[in-house]
>>> print(open('upload04.pdb').read())   # PDB, C-alpha atoms
ATOM      1  CA  MET I 391      39.512 173.263 157.863
ATOM      2  CA  VAL I 392      42.870 172.101 159.135
ATOM      3  CA  TYR I 393      43.609 170.333 155.855
ATOM      4  CA  PHE I 394      42.995 173.560 153.928
ATOM      5  CA  ILE I 395      45.559 175.326 156.079
ATOM      6  CA  ARG I 396      48.018 172.489 155.545
ATOM      7  CA  ALA I 397      47.440 172.518 151.775
ATOM      8  CA  ARG I 398      47.946 176.286 151.595
ATOM      9  CA  THR I 399      51.100 176.046 153.699
ATOM     10  CA  TYR I 400      52.630 173.350 151.477
ATOM     11  CA  HIS I 401      51.652 175.347 148.389
ATOM     12  CA  LYS I 402      53.232 178.540 149.718
ATOM     13  CA  TYR I 403      56.407 176.696 150.678
ATOM     14  CA  ALA I 404      56.678 175.107 147.214
ATOM     15  CA  GLN I 405      56.182 178.523 145.593
ATOM     16  CA  ASP I 406      58.853 180.092 147.808
ATOM     17  CA  LEU I 407      61.333 177.323 147.013
ATOM     18  CA  PHE I 408      60.630 177.730 143.295
ATOM     19  CA  LYS I 409      61.342 181.468 143.472
ATOM     20  CA  ASP I 410      64.824 180.683 144.816
ATOM     21  CA  LEU I 411      65.520 177.781 142.439
ATOM     22  CA  HIS I 412      67.433 179.976 139.966
ATOM     23  CA  LEU I 413      70.132 180.429 142.627
ATOM     24  CA  TYR I 414      71.127 176.778 142.166
ATOM     25  CA  LYS I 415      71.530 176.748 138.365
ATOM     26  CA  GLN I 416      75.324 176.752 138.716
ATOM     27  CA  LYS I 417      75.181 173.641 140.914
ATOM     28  CA  PRO I 418      73.243 170.966 139.001
ATOM     29  CA  GLU I 419      73.137 168.467 141.859
ATOM     30  CA  GLU I 420      71.754 171.048 144.306
ATOM     31  CA  PHE I 421      69.335 172.236 141.623
ATOM     32  CA  ARG I 422      67.967 168.703 141.210
ATOM     33  CA  LYS I 423      67.695 168.233 144.957
ATOM     34  CA  LYS I 424      65.712 171.475 145.318
ATOM     35  CA  ALA I 425      63.551 170.590 142.307
ATOM     36  CA  GLN I 426      62.666 167.249 143.902
ATOM     37  CA  GLU I 427      61.870 168.995 147.179
ATOM     38  CA  ILE I 428      59.574 171.449 145.385
ATOM     39  CA  PHE I 429      57.813 168.617 143.575
ATOM     40  CA  GLN I 430      57.326 166.568 146.739
ATOM     41  CA  THR I 431      56.083 169.602 148.673
ATOM     42  CA  GLY I 432      53.590 170.375 145.915
ATOM     43  CA  LEU I 433      52.392 166.780 145.964
ATOM     44  CA  LYS I 434      51.915 167.058 149.720
ATOM     45  CA  ALA I 435      49.689 170.089 149.143
ATOM     46  CA  LEU I 436      47.475 168.003 146.861
ATOM     47  CA  TRP I 437      47.631 165.011 149.216
ATOM     48  CA  SER I 438      46.588 167.082 152.212
ATOM     49  CA  LEU I 439      43.271 167.871 150.514
ATOM     50  CA  SER I 440      42.250 164.271 151.201
ATOM     51  CA  GLN I 441      43.321 164.342 154.864
ATOM     52  CA  ILE I 442      40.941 165.617 157.510
ATOM     53  CA  THR I 443      43.304 164.885 160.378
ATOM     54  CA  PRO I 444      47.069 164.485 160.281
ATOM     55  CA  PRO I 445      48.178 160.858 159.916
ATOM     56  CA  ASP I 446      49.870 159.108 162.837
ATOM     57  CA  THR I 447      52.880 158.197 160.706
ATOM     58  CA  PRO I 448      54.351 160.122 157.780
ATOM     59  CA  PRO I 449      52.947 158.845 154.477
ATOM     60  CA  SER I 450      55.167 157.182 151.930
ATOM     61  CA  PHE I 451      55.910 158.897 148.645
ATOM     62  CA  GLN I 452      53.687 156.325 146.903
ATOM     63  CA  GLU I 453      50.712 157.190 149.139
ATOM     64  CA  ILE I 454      51.233 160.897 148.545
ATOM     65  CA  TRP I 455      51.602 160.333 144.807
ATOM     66  CA  GLN I 456      48.379 158.285 144.579
ATOM     67  CA  LYS I 457      46.279 160.870 146.435
ATOM     68  CA  ALA I 458      47.849 163.746 144.499
ATOM     69  CA  VAL I 459      47.021 162.145 141.151
ATOM     70  CA  GLU I 460      43.425 161.629 142.308
ATOM     71  CA  ALA I 461      43.180 165.307 143.321
ATOM     72  CA  VAL I 462      43.835 166.758 139.854
ATOM     73  CA  ASP I 463      41.778 166.763 136.677
ATOM     74  CA  PRO I 464      42.295 163.785 134.338
ATOM     75  CA  GLU I 465      43.978 165.952 131.684
ATOM     76  CA  ASP I 466      46.482 167.180 134.282
ATOM     77  CA  GLN I 467      47.429 163.695 135.454
ATOM     78  CA  GLU I 468      49.636 163.205 132.399
ATOM     79  CA  VAL I 469      51.521 166.410 133.203
ATOM     80  CA  LEU I 470      52.105 165.146 136.749
ATOM     81  CA  LEU I 471      53.492 161.877 135.414
ATOM     82  CA  THR I 472      55.751 163.670 132.927
ATOM     83  CA  THR I 473      56.983 166.042 135.625
ATOM     84  CA  LYS I 474      57.752 163.126 137.922
ATOM     85  CA  LYS I 475      59.806 161.448 135.194
ATOM     86  CA  VAL I 476      61.733 164.631 134.401
ATOM     87  CA  ILE I 477      62.395 165.563 138.039
ATOM     88  CA  PHE I 478      63.720 162.150 139.023
ATOM     89  CA  SER I 479      65.685 161.536 135.818
ATOM     90  CA  GLU I 480      69.405 162.297 135.893
ATOM     91  CA  GLU I 481      69.708 162.818 132.148
ATOM     92  CA  GLN I 482      67.469 165.859 131.685
ATOM     93  CA  ASP I 483      68.865 169.343 131.263
ATOM     94  CA  LEU I 484      68.124 171.876 133.994
ATOM     95  CA  GLU I 485      65.960 174.088 131.798
ATOM     96  CA  LYS I 486      63.617 171.174 131.121
ATOM     97  CA  VAL I 487      63.443 170.457 134.868
ATOM     98  CA  TYR I 488      62.672 174.131 135.524
ATOM     99  CA  GLN I 489      59.923 174.235 132.887
ATOM    100  CA  SER I 490      58.391 170.984 134.160
ATOM    101  CA  LEU I 491      58.246 172.411 137.670
ATOM    102  CA  LYS I 492      56.674 175.599 136.348
ATOM    103  CA  ASP I 493      53.954 173.540 134.615
ATOM    104  CA  PHE I 494      53.453 171.457 137.762
ATOM    105  CA  LEU I 495      53.048 174.553 139.936
ATOM    106  CA  ALA I 496      50.449 175.914 137.491
ATOM    107  CA  ILE I 497      48.460 172.690 137.908
ATOM    108  CA  LEU I 498      48.897 172.910 141.665
ATOM    109  CA  GLN I 499      47.590 176.479 141.610
ATOM    110  CA  LYS I 500      44.598 175.386 139.520
ATOM    111  CA  ALA I 501      43.766 172.453 141.818
ATOM    112  CA  LEU I 502      44.060 174.535 144.988
ATOM    113  CA  LYS I 503      42.337 177.641 143.603
ATOM    114  CA  PRO I 504      39.105 177.102 145.614
ATOM    115  CA  ILE I 505      40.993 177.265 148.918
ATOM    116  CA  LEU I 506      43.684 179.838 148.138
TER
END
>>> encode(input="upload04.pdb", output="structure tokens")
Amino acid sequence: MVYFIRARTYHKYAQDLFKDLHLYKQKPEEFRKKAQEIFQTGLKALWSLSQITPPDTPPSFQEIWQKAVEAVDPEDQEVLLTTKKVIFSEEQDLEKVYQSLKDFLAILQKALKPIL
């Protein structure tokens, strides 16, 4: 049950950060930083579904990414990959980043629906 609590906590935190993201639209660098934080927190919510006990050492982004991709439906994996590319690309406009995060959070909501 602990992993459900952890997944819900990460999900709630990602949702709260997303609600405040519009405050950073005037500062593109801060906006990107917050967008990356939201994405990574959402991935941690998916990752925590595969963890019964907390790991001894913090997982790498690659470990979190792998488990997160495994946790979603196959048709949603492409959206995760696209979101990752948009979030970590410096050339995308902020509206595209915002929309990608919105799509990602919808997938996160869908994947976590049984425990929310």
>>> residues_around(input="upload04.pdb", residues="I:Glu485", least_positions_apart="4", cutoff="12 Å", atoms="all atoms listed in the file", output="short mmCIF file (atom, residue, chain, number, x, y, z; two decimals) with C-alpha atoms, keeping the file's coordinate frame")
data_model
loop_
_atom_site.label_atom_id
_atom_site.label_comp_id
_atom_site.auth_asym_id
_atom_site.auth_seq_id
_atom_site.Cartn_x
_atom_site.Cartn_y
_atom_site.Cartn_z
CA LEU I 411 65.52 177.78 142.44
CA HIS I 412 67.43 179.98 139.97
CA TYR I 414 71.13 176.78 142.17
CA LYS I 415 71.53 176.75 138.36
CA GLN I 416 75.32 176.75 138.72
CA PRO I 418 73.24 170.97 139.00
CA PHE I 421 69.33 172.24 141.62
CA ARG I 422 67.97 168.70 141.21
CA ALA I 425 63.55 170.59 142.31
CA VAL I 476 61.73 164.63 134.40
CA ILE I 477 62.40 165.56 138.04
CA GLU I 481 69.71 162.82 132.15
CA GLN I 489 59.92 174.24 132.89
CA SER I 490 58.39 170.98 134.16
CA LEU I 491 58.25 172.41 137.67
CA LYS I 492 56.67 175.60 136.35
#
>>> residues_around(input="upload04.pdb", residues="stretch 427-442 of chain I", least_positions_apart="2", cutoff="6 Å", atoms="all atoms listed in the file", output="PyMOL selection string")
chain I and resi 393+397+400-401+404+424-425+454+457-458
>>> atom_distance(input="upload04.pdb", atom1="atom CA of I:Thr399", atom2="atom CA of I:Glu468")
24.9 Å
>>> atom_distance(input="upload04.pdb", atom1="atom CA of I:Leu506", atom2="atom CA of I:Lys475")
27.7 Å
>>> closest_residue(input="upload04.pdb", among="I:Ile497, I:Lys503, I:Glu420, I:Tyr403", to="I:Gln467", atoms="only C-alpha atoms")
I:Ile497
>>> axis_aligned_box(input="upload04.pdb", around="stretch 448-467 of chain I", padding_each_side="3 Å", output="AutoDock Vina command-line options")
--center_x 48.8 --center_y 161.8 --center_z 144.7 --size_x 20.1 --size_y 16.9 --size_z 32.1
>>> closest_residue(input="upload04.pdb", among="I:Ala501, I:Phe494, I:Tyr488, I:Pro449", to="I:Leu471", atoms="all atoms listed in the file")
I:Phe494
>>> atom_distance(input="upload04.pdb", atom1="atom CA of I:Leu498", atom2="atom CA of I:Phe478")
18.5 Å
>>> closest_residue(input="upload04.pdb", among="I:Arg396, I:Lys500, I:Lys486, I:Lys402", to="I:Pro444", atoms="all atoms listed in the file")
I:Arg396
